Amino acid sequence: MTNTTDSSEAANPKRYHHGNLVEALIAATVEIIEERGAEHVSVREAAKRAGVSPGAPFRHFRSKSALLTAVAEQAMNRLTEAVANAQSNVDSADPIVAFEAIGQGYLEWAISNPTHFQIISSRTLIDFDASDSLRDQNEAIRRKMIDLLIQAQQQGRLAPDTDFDHLVLAARAFVYGLARMAIDGHFPEWHPSEPPSLAARRALHLFMSRMTNSKKQPHEHPEVACGDR
């Protein structure tokens with residue numbers, strides 16, 4: 001890579017510095033998506049924004065798909081962290097509460113990070129199957145959901161004949177749909193009485209309360225109980 005002068009670096013504060021080329025390219029790609037849309041992303045444009053030569057990124061990303069997959073991997077890391085944080089704030093001894101926390105963490109992450117949500121959601125933009133981290137972290141969340149449902153069934157909270165795979169699919173589709181509606185701006189038509197983030201949290205809590213046996217309902221989610229702030 002050609003060395004740059006101090007003056008040129010001062011004029012371009014986003015310029016790449018040694019050791020963080022991948023991070024700089026991912027950040028540049030996110031900027032392009034937010035400004036112009038994913039269809040305008042290219043490895044060369046990301047290189048230009050990062051302040052490196054057009055050929056420099058190809059050591060790491062040979063295609064647009066590879067670059068967007070890296071954005072998706074960053075998104076998955078943040079999603080995993082959001083889910084872990086949400087679970088750390090609830091009673092982990094209650095499997096239904098812990099299960100709901102996964103969905104609440106997902107919603108908070110998605111609504112707060114719409115660009116990352118867009119990229120990781122589209123299998124036409126990324127090569128999901130080629131990424132070990134995407135597959136492994138996705139499977140870890142799915143496996144955790146099933147483990148919690150098994151615990152709930154053992155406690156008599158779910159019917160003995162509960163189909164865990166389909167219930168996980170339904171829960172995933174539910175929170176994905178809520179996040180998609182919030183990000184795409186559908187809540188003003190479908191539920192104008194509350195801010196989208198609050199409405200989504202309450203809708204998920206309602207879903208959870210109807211999913212379990214009535215003998216023990218899931219605890220009130222603290223943000224649901226307190227209402228909008």
# chains A, B, ... in the order shown; residues from 1 in each chain; ligands from 1
call {"tool": "closest_atom_pairs", "arguments": {"of": "segment 11-94 of chain A", "to": "segment 110-115 of chain A", "cutoff": "10 Å", "atoms": "only C-alpha atoms", "output": "CSV"}}
result
residue,atom,partner,partner_atom,distance
A:Val30,CA,A:Thr115,CA,7.1
A:Glu31,CA,A:Thr115,CA,9.2
A:Ile33,CA,A:Thr115,CA,7.2
A:Glu34,CA,A:Thr115,CA,6.7
A:Gly37,CA,A:Thr115,CA,9.3
A:Ala38,CA,A:Thr115,CA,9.3
A:Val71,CA,A:Thr115,CA,9.4
A:Ala72,CA,A:Thr115,CA,9.8
A:Ala75,CA,A:Asn113,CA,8.4
A:Arg78,CA,A:Asn113,CA,9.3
A:Leu79,CA,A:Ala110,CA,8.0
A:Ala82,CA,A:Ala110,CA,9.6
call {"tool": "select_by_dssp", "arguments": {"residues": "segment 65-159 of chain A", "states": "helix (DSSP H, G or I)", "output": "PyMOL selection string"}}
result
chain A and resi 65-88+95-112+114-121+128-130+132-154
call {"tool": "closest_atom_pairs", "arguments": {"of": "segment 77-124 of chain A", "to": "segment 183-204 of chain A", "cutoff": "8 Å", "atoms": "only C-alpha atoms", "output": "Markdown table"}}
result
| residue | atom | partner | partner_atom | distance |
| --- | --- | --- | --- | --- |
| A:Glu100 | CA | A:Leu204 | CA | 7.6 |
| A:Gly103 | CA | A:Leu204 | CA | 7.4 |
| A:Gln104 | CA | A:Arg201 | CA | 6.4 |
| A:Leu107 | CA | A:Arg201 | CA | 7.5 |
| A:Glu108 | CA | A:Ser197 | CA | 7.5 |
| A:Ile111 | CA | A:Ile183 | CA | 6.3 |
| A:Pro114 | CA | A:Ile183 | CA | 6.4 |
call {"tool": "atom_distance", "arguments": {"atom1": "atom CA of Ile119 of chain A", "atom2": "atom CA of Leu68 of chain A"}}
result
7.0 Å
call {"tool": "closest_residue", "arguments": {"among": "A:Asp165, A:Asp91, A:Tyr176, A:Phe99", "to": "Ser209 of chain A", "atoms": "only C-alpha atoms"}}
result
A:Phe99
call {"tool": "closest_residue", "arguments": {"among": "A:Asp136, A:Asp129, A:Glu35, A:Glu45", "to": "Lys64 of chain A", "atoms": "only C-alpha atoms"}}
result
A:Glu45
call {"tool": "decode", "arguments": {"residues": "segment 30-61 of chain A", "atoms": "N, CA, C and O atoms", "output": "mmCIF file, in the first residue's frame"}}
result
data_model
loop_
_atom_site.group_PDB
_atom_site.id
_atom_site.type_symbol
_atom_site.label_atom_id
_atom_site.label_comp_id
_atom_site.auth_asym_id
_atom_site.auth_seq_id
_atom_site.Cartn_x
_atom_site.Cartn_y
_atom_site.Cartn_z
ATOM 1 N N VAL A 30 -20.640 -0.509 5.456
ATOM 2 C CA VAL A 30 -21.857 -0.130 6.176
ATOM 3 C C VAL A 30 -22.265 1.293 5.792
ATOM 4 O O VAL A 30 -23.455 1.584 5.590
ATOM 5 N N GLU A 31 -21.304 2.185 5.659
ATOM 6 C CA GLU A 31 -21.599 3.567 5.257
ATOM 7 C C GLU A 31 -22.239 3.610 3.878
ATOM 8 O O GLU A 31 -23.204 4.337 3.650
ATOM 9 N N ILE A 32 -21.687 2.846 2.951
ATOM 10 C CA ILE A 32 -22.235 2.820 1.594
ATOM 11 C C ILE A 32 -23.675 2.339 1.610
ATOM 12 O O ILE A 32 -24.559 2.910 0.954
ATOM 13 N N ILE A 33 -23.933 1.278 2.365
ATOM 14 C CA ILE A 33 -25.294 0.727 2.439
ATOM 15 C C ILE A 33 -26.252 1.761 3.004
ATOM 16 O O ILE A 33 -27.361 1.955 2.489
ATOM 17 N N GLU A 34 -25.846 2.435 4.073
ATOM 18 C CA GLU A 34 -26.721 3.412 4.717
ATOM 19 C C GLU A 34 -26.985 4.620 3.823
ATOM 20 O O GLU A 34 -28.068 5.204 3.865
ATOM 21 N N GLU A 35 -26.020 4.979 3.007
ATOM 22 C CA GLU A 35 -26.171 6.153 2.152
ATOM 23 C C GLU A 35 -26.850 5.839 0.823
ATOM 24 O O GLU A 35 -27.673 6.626 0.338
ATOM 25 N N ARG A 36 -26.523 4.665 0.242
ATOM 26 C CA ARG A 36 -26.956 4.412 -1.140
ATOM 27 C C ARG A 36 -27.651 3.071 -1.344
ATOM 28 O O ARG A 36 -28.221 2.831 -2.405
ATOM 29 N N GLY A 37 -27.573 2.179 -0.373
ATOM 30 C CA GLY A 37 -28.178 0.865 -0.503
ATOM 31 C C GLY A 37 -27.151 -0.206 -0.830
ATOM 32 O O GLY A 37 -26.080 0.080 -1.384
ATOM 33 N N ALA A 38 -27.493 -1.449 -0.502
ATOM 34 C CA ALA A 38 -26.567 -2.563 -0.688
ATOM 35 C C ALA A 38 -26.214 -2.792 -2.147
ATOM 36 O O ALA A 38 -25.134 -3.299 -2.455
ATOM 37 N N GLU A 39 -27.115 -2.415 -3.057
ATOM 38 C CA GLU A 39 -26.847 -2.638 -4.477
ATOM 39 C C GLU A 39 -25.680 -1.805 -4.983
ATOM 40 O O GLU A 39 -25.109 -2.095 -6.051
ATOM 41 N N HIS A 40 -25.288 -0.775 -4.250
ATOM 42 C CA HIS A 40 -24.196 0.094 -4.678
ATOM 43 C C HIS A 40 -22.856 -0.268 -4.035
ATOM 44 O O HIS A 40 -21.855 0.408 -4.275
ATOM 45 N N VAL A 41 -22.846 -1.327 -3.251
ATOM 46 C CA VAL A 41 -21.602 -1.751 -2.619
ATOM 47 C C VAL A 41 -20.696 -2.412 -3.649
ATOM 48 O O VAL A 41 -21.144 -3.204 -4.486
ATOM 49 N N SER A 42 -19.437 -2.079 -3.607
ATOM 50 C CA SER A 42 -18.411 -2.773 -4.386
ATOM 51 C C SER A 42 -17.136 -2.776 -3.571
ATOM 52 O O SER A 42 -16.934 -1.920 -2.701
ATOM 53 N N VAL A 43 -16.270 -3.745 -3.841
ATOM 54 C CA VAL A 43 -15.013 -3.822 -3.112
ATOM 55 C C VAL A 43 -14.167 -2.583 -3.395
ATOM 56 O O VAL A 43 -13.525 -2.029 -2.505
ATOM 57 N N ARG A 44 -14.188 -2.121 -4.634
ATOM 58 C CA ARG A 44 -13.395 -0.944 -4.996
ATOM 59 C C ARG A 44 -13.908 0.317 -4.308
ATOM 60 O O ARG A 44 -13.118 1.157 -3.864
ATOM 61 N N GLU A 45 -15.215 0.470 -4.205
ATOM 62 C CA GLU A 45 -15.769 1.642 -3.530
ATOM 63 C C GLU A 45 -15.444 1.604 -2.042
ATOM 64 O O GLU A 45 -15.132 2.634 -1.439
ATOM 65 N N ALA A 46 -15.501 0.419 -1.452
ATOM 66 C CA ALA A 46 -15.132 0.299 -0.040
ATOM 67 C C ALA A 46 -13.663 0.656 0.164
ATOM 68 O O ALA A 46 -13.301 1.314 1.135
ATOM 69 N N ALA A 47 -12.814 0.221 -0.770
ATOM 70 C CA ALA A 47 -11.386 0.547 -0.696
ATOM 71 C C ALA A 47 -11.172 2.050 -0.778
ATOM 72 O O ALA A 47 -10.377 2.625 -0.024
ATOM 73 N N LYS A 48 -11.892 2.695 -1.679
ATOM 74 C CA LYS A 48 -11.768 4.142 -1.840
ATOM 75 C C LYS A 48 -12.137 4.864 -0.554
ATOM 76 O O LYS A 48 -11.441 5.787 -0.117
ATOM 77 N N ARG A 49 -13.226 4.443 0.057
ATOM 78 C CA ARG A 49 -13.664 5.092 1.295
ATOM 79 C C ARG A 49 -12.702 4.823 2.449
ATOM 80 O O ARG A 49 -12.547 5.670 3.335
ATOM 81 N N ALA A 50 -12.100 3.645 2.441
ATOM 82 C CA ALA A 50 -11.162 3.305 3.511
ATOM 83 C C ALA A 50 -9.802 3.955 3.299
ATOM 84 O O ALA A 50 -8.963 3.955 4.209
ATOM 85 N N GLY A 51 -9.578 4.490 2.097
ATOM 86 C CA GLY A 51 -8.329 5.176 1.822
ATOM 87 C C GLY A 51 -7.186 4.263 1.455
ATOM 88 O O GLY A 51 -6.032 4.552 1.768
ATOM 89 N N VAL A 52 -7.501 3.133 0.787
ATOM 90 C CA VAL A 52 -6.449 2.211 0.354
ATOM 91 C C VAL A 52 -6.535 2.022 -1.152
ATOM 92 O O VAL A 52 -7.509 2.427 -1.793
ATOM 93 N N SER A 53 -5.521 1.395 -1.712
ATOM 94 C CA SER A 53 -5.502 1.166 -3.149
ATOM 95 C C SER A 53 -6.620 0.204 -3.542
ATOM 96 O O SER A 53 -7.050 -0.626 -2.739
ATOM 97 N N PRO A 54 -7.109 0.288 -4.790
ATOM 98 C CA PRO A 54 -8.227 -0.573 -5.213
ATOM 99 C C PRO A 54 -7.959 -2.059 -5.056
ATOM 100 O O PRO A 54 -8.892 -2.841 -4.854
ATOM 101 N N GLY A 55 -6.704 -2.455 -5.141
ATOM 102 C CA GLY A 55 -6.404 -3.879 -5.052
ATOM 103 C C GLY A 55 -6.183 -4.399 -3.651
ATOM 104 O O GLY A 55 -6.213 -5.614 -3.424
ATOM 105 N N ALA A 56 -6.002 -3.500 -2.691
ATOM 106 C CA ALA A 56 -5.674 -3.923 -1.322
ATOM 107 C C ALA A 56 -6.729 -4.825 -0.683
ATOM 108 O O ALA A 56 -6.378 -5.818 -0.032
ATOM 109 N N PRO A 57 -8.018 -4.522 -0.839
ATOM 110 C CA PRO A 57 -9.028 -5.352 -0.162
ATOM 111 C C PRO A 57 -9.101 -6.790 -0.668
ATOM 112 O O PRO A 57 -9.587 -7.672 0.051
ATOM 113 N N PHE A 58 -8.638 -7.040 -1.880
ATOM 114 C CA PHE A 58 -8.827 -8.359 -2.468
ATOM 115 C C PHE A 58 -7.991 -9.431 -1.785
ATOM 116 O O PHE A 58 -8.194 -10.624 -2.018
ATOM 117 N N ARG A 59 -7.069 -9.030 -0.928
ATOM 118 C CA ARG A 59 -6.358 -10.017 -0.111
ATOM 119 C C ARG A 59 -7.300 -10.622 0.928
ATOM 120 O O ARG A 59 -7.078 -11.727 1.412
ATOM 121 N N HIS A 60 -8.344 -9.874 1.287
ATOM 122 C CA HIS A 60 -9.294 -10.319 2.314
ATOM 123 C C HIS A 60 -10.664 -10.662 1.720
ATOM 124 O O HIS A 60 -11.306 -11.614 2.157
ATOM 125 N N PHE A 61 -11.095 -9.880 0.756
ATOM 126 C CA PHE A 61 -12.436 -10.044 0.192
ATOM 127 C C PHE A 61 -12.339 -10.086 -1.325
ATOM 128 O O PHE A 61 -12.040 -9.088 -1.970
#
